[in-house]
Structures are given as structure tokens and as C-alpha cells.
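Source file: input-v1.csv (CSV, N, CA and C atoms)
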```csv
chain,number,residue,atom,x,y,z
A,223,MET,N,16.6,-2.4,-13.9
A,223,MET,CA,16.1,-1.3,-13.1
A,223,MET,C,15.4,-1.9,-11.8
A,224,TYR,N,15.6,-1.3,-10.7
A,224,TYR,CA,15.1,-1.7,-9.4
A,224,TYR,C,14.2,-0.6,-8.8
A,225,GLU,N,13.2,-1.0,-8.1
A,225,GLU,CA,12.3,0.0,-7.5
A,225,GLU,C,13.0,0.4,-6.2
A,226,ARG,N,12.8,1.7,-5.9
A,226,ARG,CA,13.5,2.4,-4.8
A,226,ARG,C,13.0,1.9,-3.5
A,227,ILE,N,11.7,1.8,-3.3
A,227,ILE,CA,11.1,1.5,-2.0
A,227,ILE,C,11.5,0.1,-1.5
A,228,PRO,N,11.5,-1.0,-2.4
A,228,PRO,CA,11.9,-2.3,-1.9
A,228,PRO,C,13.4,-2.3,-1.5
A,229,GLN,N,14.3,-1.5,-2.2
A,229,GLN,CA,15.7,-1.4,-1.8
A,229,GLN,C,15.8,-0.8,-0.4
A,230,GLN,N,15.0,0.2,-0.1
A,230,GLN,CA,15.1,0.9,1.2
A,230,GLN,C,14.5,-0.1,2.3
A,231,VAL,N,13.5,-0.8,2.0
A,231,VAL,CA,12.8,-1.6,3.0
A,231,VAL,C,13.8,-2.8,3.3
A,232,LEU,N,14.4,-3.4,2.3
A,232,LEU,CA,15.3,-4.5,2.6
A,232,LEU,C,16.4,-4.2,3.5
A,233,SER,N,16.9,-2.9,3.5
A,233,SER,CA,18.0,-2.6,4.4
A,233,SER,C,17.5,-2.5,5.8
A,234,LEU,N,16.2,-2.5,6.1
A,234,LEU,CA,15.7,-2.5,7.5
A,234,LEU,C,15.6,-3.9,8.1
A,235,LEU,N,15.7,-4.9,7.2
A,235,LEU,CA,15.6,-6.3,7.7
A,235,LEU,C,16.9,-6.8,8.3
A,236,ASN,N,16.8,-7.6,9.3
A,236,ASN,CA,18.0,-8.3,9.9
A,236,ASN,C,18.0,-9.7,9.3
A,237,ASN,N,19.2,-10.3,9.3
A,237,ASN,CA,19.3,-11.7,8.8
A,237,ASN,C,18.5,-12.7,9.7
A,238,ASP,N,18.4,-12.4,11.0
A,238,ASP,CA,17.7,-13.3,11.8
A,238,ASP,C,16.2,-13.0,11.8
A,239,GLU,N,15.7,-11.9,11.3
A,239,GLU,CA,14.3,-11.6,11.3
A,239,GLU,C,13.8,-11.1,9.9
A,240,PRO,N,13.8,-11.9,8.9
A,240,PRO,CA,13.3,-11.4,7.6
A,240,PRO,C,11.8,-11.4,7.5
A,241,TYR,N,11.1,-10.7,8.3
A,241,TYR,CA,9.7,-10.7,8.5
A,241,TYR,C,9.1,-9.3,8.6
A,242,VAL,N,8.0,-9.1,7.9
A,242,VAL,CA,7.4,-7.7,7.9
A,242,VAL,C,5.9,-7.9,8.1
A,243,VAL,N,5.3,-7.0,8.9
A,243,VAL,CA,3.8,-6.9,9.0
A,243,VAL,C,3.4,-5.6,8.3
A,244,ILE,N,2.5,-5.7,7.4
A,244,ILE,CA,2.0,-4.5,6.6
A,244,ILE,C,0.6,-4.2,7.0
A,245,TYR,N,0.3,-3.0,7.4
A,245,TYR,CA,-1.1,-2.6,7.6
A,245,TYR,C,-1.4,-1.6,6.5
A,246,ALA,N,-2.6,-1.9,5.8
A,246,ALA,CA,-3.0,-1.0,4.7
A,246,ALA,C,-4.4,-0.5,5.0
A,247,PHE,N,-4.7,0.7,4.6
A,247,PHE,CA,-6.0,1.3,4.8
A,247,PHE,C,-6.4,1.9,3.5
A,248,GLY,N,-7.7,1.7,3.1
A,248,GLY,CA,-8.2,2.3,1.9
A,248,GLY,C,-9.6,2.8,2.1
A,249,GLN,N,-10.0,3.8,1.2
A,249,GLN,CA,-11.3,4.3,1.3
A,249,GLN,C,-11.9,4.5,-0.1
A,250,ALA,N,-13.2,4.3,-0.2
A,250,ALA,CA,-13.9,4.6,-1.5
A,250,ALA,C,-14.6,5.9,-1.2
A,251,LEU,N,-14.5,6.8,-2.2
A,251,LEU,CA,-15.1,8.2,-2.0
A,251,LEU,C,-16.0,8.5,-3.2
A,252,ARG,N,-16.9,9.4,-2.9
A,252,ARG,CA,-17.7,10.0,-4.0
A,252,ARG,C,-17.9,11.5,-3.6
A,253,PRO,N,-18.1,12.3,-4.6
A,253,PRO,CA,-18.3,13.8,-4.3
A,253,PRO,C,-19.4,14.0,-3.4
A,254,ALA,N,-19.2,14.9,-2.4
A,254,ALA,CA,-20.2,15.2,-1.4
A,254,ALA,C,-21.2,16.2,-2.1
A,255,GLU,N,-22.4,16.3,-1.5
A,255,GLU,CA,-23.5,17.1,-2.0
A,255,GLU,C,-23.0,18.6,-2.1
A,256,ASN,N,-23.3,19.2,-3.2
A,256,ASN,CA,-22.9,20.6,-3.5
A,256,ASN,C,-21.4,20.9,-3.4
A,257,SER,N,-20.6,19.9,-3.7
A,257,SER,CA,-19.1,20.1,-3.6
A,257,SER,C,-18.4,20.3,-5.0
A,258,ILE,N,-19.2,20.3,-6.1
A,258,ILE,CA,-18.6,20.5,-7.4
A,258,ILE,C,-18.7,22.0,-7.7
A,259,VAL,N,-17.5,22.6,-8.1
A,259,VAL,CA,-17.5,24.0,-8.5
A,259,VAL,C,-18.2,24.2,-9.8
A,260,LYS,N,-19.2,25.0,-9.8
A,260,LYS,CA,-20.0,25.2,-11.1
A,260,LYS,C,-19.8,26.6,-11.7
A,261,THR,N,-19.1,27.5,-11.1
A,261,THR,CA,-18.9,28.8,-11.6
A,261,THR,C,-17.8,28.7,-12.7
A,262,PRO,N,-17.9,29.6,-13.7
A,262,PRO,CA,-16.9,29.6,-14.8
A,262,PRO,C,-15.5,29.9,-14.3
A,263,GLY,N,-14.5,29.4,-14.9
A,263,GLY,CA,-13.2,29.6,-14.5
A,263,GLY,C,-12.3,28.4,-14.5
A,264,PRO,N,-11.1,28.5,-14.1
A,264,PRO,CA,-10.2,27.3,-14.1
A,264,PRO,C,-10.5,26.2,-13.2
A,265,PHE,N,-11.4,26.5,-12.2
A,265,PHE,CA,-11.7,25.4,-11.2
A,265,PHE,C,-13.1,24.8,-11.4
A,266,ARG,N,-13.7,25.1,-12.6
A,266,ARG,CA,-15.0,24.6,-12.9
A,266,ARG,C,-14.9,23.1,-13.0
A,267,GLY,N,-15.8,22.4,-12.3
A,267,GLY,CA,-15.8,20.9,-12.3
A,267,GLY,C,-15.0,20.3,-11.2
A,268,LEU,N,-14.3,21.1,-10.4
A,268,LEU,CA,-13.4,20.7,-9.4
A,268,LEU,C,-14.3,20.2,-8.2
A,269,CYS,N,-14.0,19.1,-7.6
A,269,CYS,CA,-14.6,18.6,-6.4
A,269,CYS,C,-13.9,19.1,-5.2
A,270,THR,N,-14.6,19.8,-4.3
A,270,THR,CA,-13.9,20.4,-3.1
A,270,THR,C,-14.1,19.6,-1.8
A,271,ASN,N,-14.9,18.6,-1.9
A,271,ASN,CA,-15.2,17.7,-0.7
A,271,ASN,C,-15.7,16.4,-1.1
A,272,TYR,N,-15.4,15.4,-0.3
A,272,TYR,CA,-15.8,14.0,-0.7
A,272,TYR,C,-16.5,13.4,0.5
A,273,GLN,N,-17.3,12.4,0.2
A,273,GLN,CA,-18.0,11.6,1.2
A,273,GLN,C,-17.5,10.2,1.2
A,274,VAL,N,-17.2,9.6,2.3
A,274,VAL,CA,-16.6,8.2,2.4
A,274,VAL,C,-17.8,7.3,2.2
A,275,THR,N,-17.7,6.3,1.2
A,275,THR,CA,-18.7,5.3,1.0
A,275,THR,C,-18.3,3.9,1.4
A,276,GLY,N,-17.0,3.7,1.6
A,276,GLY,CA,-16.6,2.4,2.1
A,276,GLY,C,-15.1,2.5,2.6
A,277,GLU,N,-14.8,1.6,3.5
A,277,GLU,CA,-13.4,1.5,4.0
A,277,GLU,C,-13.0,0.1,4.1
A,278,VAL,N,-11.7,-0.1,4.1
A,278,VAL,CA,-11.1,-1.4,4.3
A,278,VAL,C,-9.8,-1.3,5.0
A,279,VAL,N,-9.5,-2.2,5.9
A,279,VAL,CA,-8.2,-2.2,6.6
A,279,VAL,C,-7.7,-3.7,6.5
A,280,THR,N,-6.5,-3.8,6.1
A,280,THR,CA,-5.9,-5.2,6.0
A,280,THR,C,-4.6,-5.3,6.8
A,281,LYS,N,-4.3,-6.5,7.2
A,281,LYS,CA,-3.0,-6.8,7.8
A,281,LYS,C,-2.4,-8.0,7.1
A,282,THR,N,-1.2,-7.8,6.6
A,282,THR,CA,-0.5,-8.9,5.9
A,282,THR,C,0.9,-9.1,6.5
A,283,ALA,N,1.1,-10.4,6.8
A,283,ALA,CA,2.5,-10.8,7.3
A,283,ALA,C,3.2,-11.4,6.2
A,284,VAL,N,4.4,-10.9,6.0
A,284,VAL,CA,5.3,-11.3,4.8
A,284,VAL,C,6.6,-11.7,5.3
A,285,ARG,N,7.1,-12.9,4.8
A,285,ARG,CA,8.4,-13.4,5.1
A,285,ARG,C,9.3,-13.2,3.9
A,286,VAL,N,10.5,-12.7,4.0
A,286,VAL,CA,11.4,-12.5,2.9
A,286,VAL,C,12.4,-13.6,2.9
A,287,GLU,N,12.5,-14.3,1.7
A,287,GLU,CA,13.5,-15.4,1.6
A,287,GLU,C,14.5,-15.0,0.6
A,288,GLU,N,15.7,-15.5,0.8
A,288,GLU,CA,16.8,-15.3,-0.2
A,288,GLU,C,16.8,-16.4,-1.2
A,289,ILE,N,17.0,-16.0,-2.4
A,289,ILE,CA,17.1,-17.0,-3.5
A,289,ILE,C,18.6,-17.0,-4.0
A,290,ARG,N,19.3,-18.0,-3.7
A,290,ARG,CA,20.7,-18.0,-4.1
A,290,ARG,C,20.9,-19.0,-5.3
A,291,GLN,N,21.6,-18.5,-6.3
A,291,GLN,CA,21.9,-19.3,-7.5
A,291,GLN,C,23.4,-19.0,-7.8
A,292,GLU,N,24.1,-20.0,-8.3
A,292,GLU,CA,25.5,-19.9,-8.6
A,292,GLU,C,25.7,-18.8,-9.7
A,293,LYS,N,26.7,-18.0,-9.5
A,293,LYS,CA,27.1,-17.0,-10.5
A,293,LYS,C,25.9,-16.0,-10.8
A,294,GLN,N,25.0,-15.9,-10.0
A,294,GLN,CA,23.9,-14.9,-10.2
A,294,GLN,C,23.8,-14.0,-9.0
A,295,PRO,N,23.3,-12.8,-9.2
A,295,PRO,CA,23.2,-11.9,-8.0
A,295,PRO,C,22.1,-12.4,-7.1
A,296,LEU,N,22.3,-12.1,-5.8
A,296,LEU,CA,21.4,-12.5,-4.8
A,296,LEU,C,20.0,-11.9,-5.0
A,297,LYS,N,18.9,-12.7,-5.0
A,297,LYS,CA,17.6,-12.2,-5.2
A,297,LYS,C,16.7,-12.5,-3.9
A,298,TYR,N,15.6,-11.8,-3.8
A,298,TYR,CA,14.8,-12.0,-2.7
A,298,TYR,C,13.3,-12.3,-3.2
A,299,LYS,N,12.6,-13.1,-2.4
A,299,LYS,CA,11.3,-13.5,-2.7
A,299,LYS,C,10.4,-13.2,-1.5
A,300,ALA,N,9.3,-12.5,-1.7
A,300,ALA,CA,8.3,-12.2,-0.6
A,300,ALA,C,7.3,-13.3,-0.5
A,301,VAL,N,7.1,-13.9,0.6
A,301,VAL,CA,6.1,-15.0,0.8
A,301,VAL,C,5.1,-14.5,1.8
A,302,VAL,N,3.8,-14.4,1.4
A,302,VAL,CA,2.7,-14.0,2.3
A,302,VAL,C,2.4,-15.1,3.2
A,303,GLU,N,2.6,-14.9,4.5
A,303,GLU,CA,2.3,-15.9,5.5
A,303,GLU,C,0.8,-15.8,6.0
A,304,SER,N,0.3,-14.6,6.1
A,304,SER,CA,-1.1,-14.5,6.5
A,304,SER,C,-1.6,-13.1,5.9
A,305,TYR,N,-2.9,-13.1,5.6
A,305,TYR,CA,-3.6,-12.0,5.1
A,305,TYR,C,-5.0,-11.9,5.8
A,306,SER,N,-5.4,-10.8,6.3
A,306,SER,CA,-6.7,-10.7,6.9
A,306,SER,C,-7.2,-9.3,6.8
A,307,GLN,N,-8.6,-9.2,6.6
A,307,GLN,CA,-9.2,-7.9,6.7
A,307,GLN,C,-9.6,-7.6,8.1
A,308,LEU,N,-9.3,-6.5,8.6
A,308,LEU,CA,-9.6,-6.1,10.0
A,308,LEU,C,-10.9,-5.3,10.0
A,309,PRO,N,-11.6,-5.4,11.1
A,309,PRO,CA,-12.9,-4.7,11.2
A,309,PRO,C,-12.7,-3.2,11.3
A,310,THR,N,-13.6,-2.4,10.6
A,310,THR,CA,-13.5,-1.0,10.7
A,310,THR,C,-14.6,-0.5,11.6
A,311,ASP,N,-14.3,0.4,12.5
A,311,ASP,CA,-15.2,0.8,13.5
A,311,ASP,C,-15.9,2.1,13.1
```
Entire entry expressed as C-alpha cells:
Amino acid sequence: MYERIPQQVLSLLNNDEPYVVIYAFGQALRPAENSIVKTPGPFRGLCTNYQVTGEVVTKTAVRVEEIRQEKQPLKYKAVVESYSQLPTD
């Protein structure tokens, strides 16, 4: 079984440039004040708004290498060349 996203991403790479830069963004959230539904019904306990308590932005440079073995299907290996957290403004 193979994952669909890596199959799609690998088709975007050229033989002369097996290199990808990935930017990722994440947030830590908590329920905002007075945002929990307290009335009876199917939405009781539902949070309708969140407050951001933390953020992170990263940049990762990845090189993709081919792994060739006799009588085996071609495999790929991702090698992280650099990883850094970027400042959030």
C-alpha cells in the first residue's frame, strides 16, 4: 500500500532537481470566552470560537534520493537538508 500524496508529489519532481522546500504553519488554540454552547440540544458543549495561544512557522528543505537495488522496485528516500523555525509576527 502506498500513500497517495507522496505519489502525487514525486510526479512534480524533475530528475535534475529532486529538491523540495516545505513551509508549515501551526496554531495552538483554546476556547474563547463565552464560546461554549450551554443551551440544551444537539449543539450543547460545542465551541463556536477559539483564541490563538501559540503559533509556529517552519521551513524545511528536503532532497529526494533514489535507492536502486537489483531486481527490486525503485525506492525513494527523503533527506532533510535544513530545518528552521521562522519568526511569527
Report, in Å with one decimal, the straight-line distance from CA of Gln249 (chain A) to atom C of Val274 (chain A).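 So the two atoms, CA of Gln249 (chain A) and atom C of Val274 (chain A), lie 7.2 Å apart.
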I want to know what sits within 8 Å of Tyr272 (chain A), based on only C-alpha atoms, with residues of the same chain fewer than 6 positions away left out; could you give that as a ChimeraX atom specification? /A:251-254,257
Any chance you could list, as a VMD selection string, the residues in chain A that come up alpha helix (DSSP H) when DSSP is run on the backbone? chain A and resid 226 to 232
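Separating CA of Val242 (chain A) from CA of Glu292 (chain A) is a distance of 27.4 Å.
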Between atom N of Arg285 (chain A) and atom C of Glu303 (chain A), measure the distance and give it in Å to one decimal.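 About the pair atom N of Arg285 (chain A) and atom C of Glu303 (chain A): they are 7.0 Å apart.
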Using all atoms listed in the file, pick whichever of A:Lys299, A:Arg290, A:Lys281, A:Lys260 has the shortest atom-to-atom distance to Ile244 (chain A).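 Closest residue, counting all atoms listed in the file: A:Lys281.
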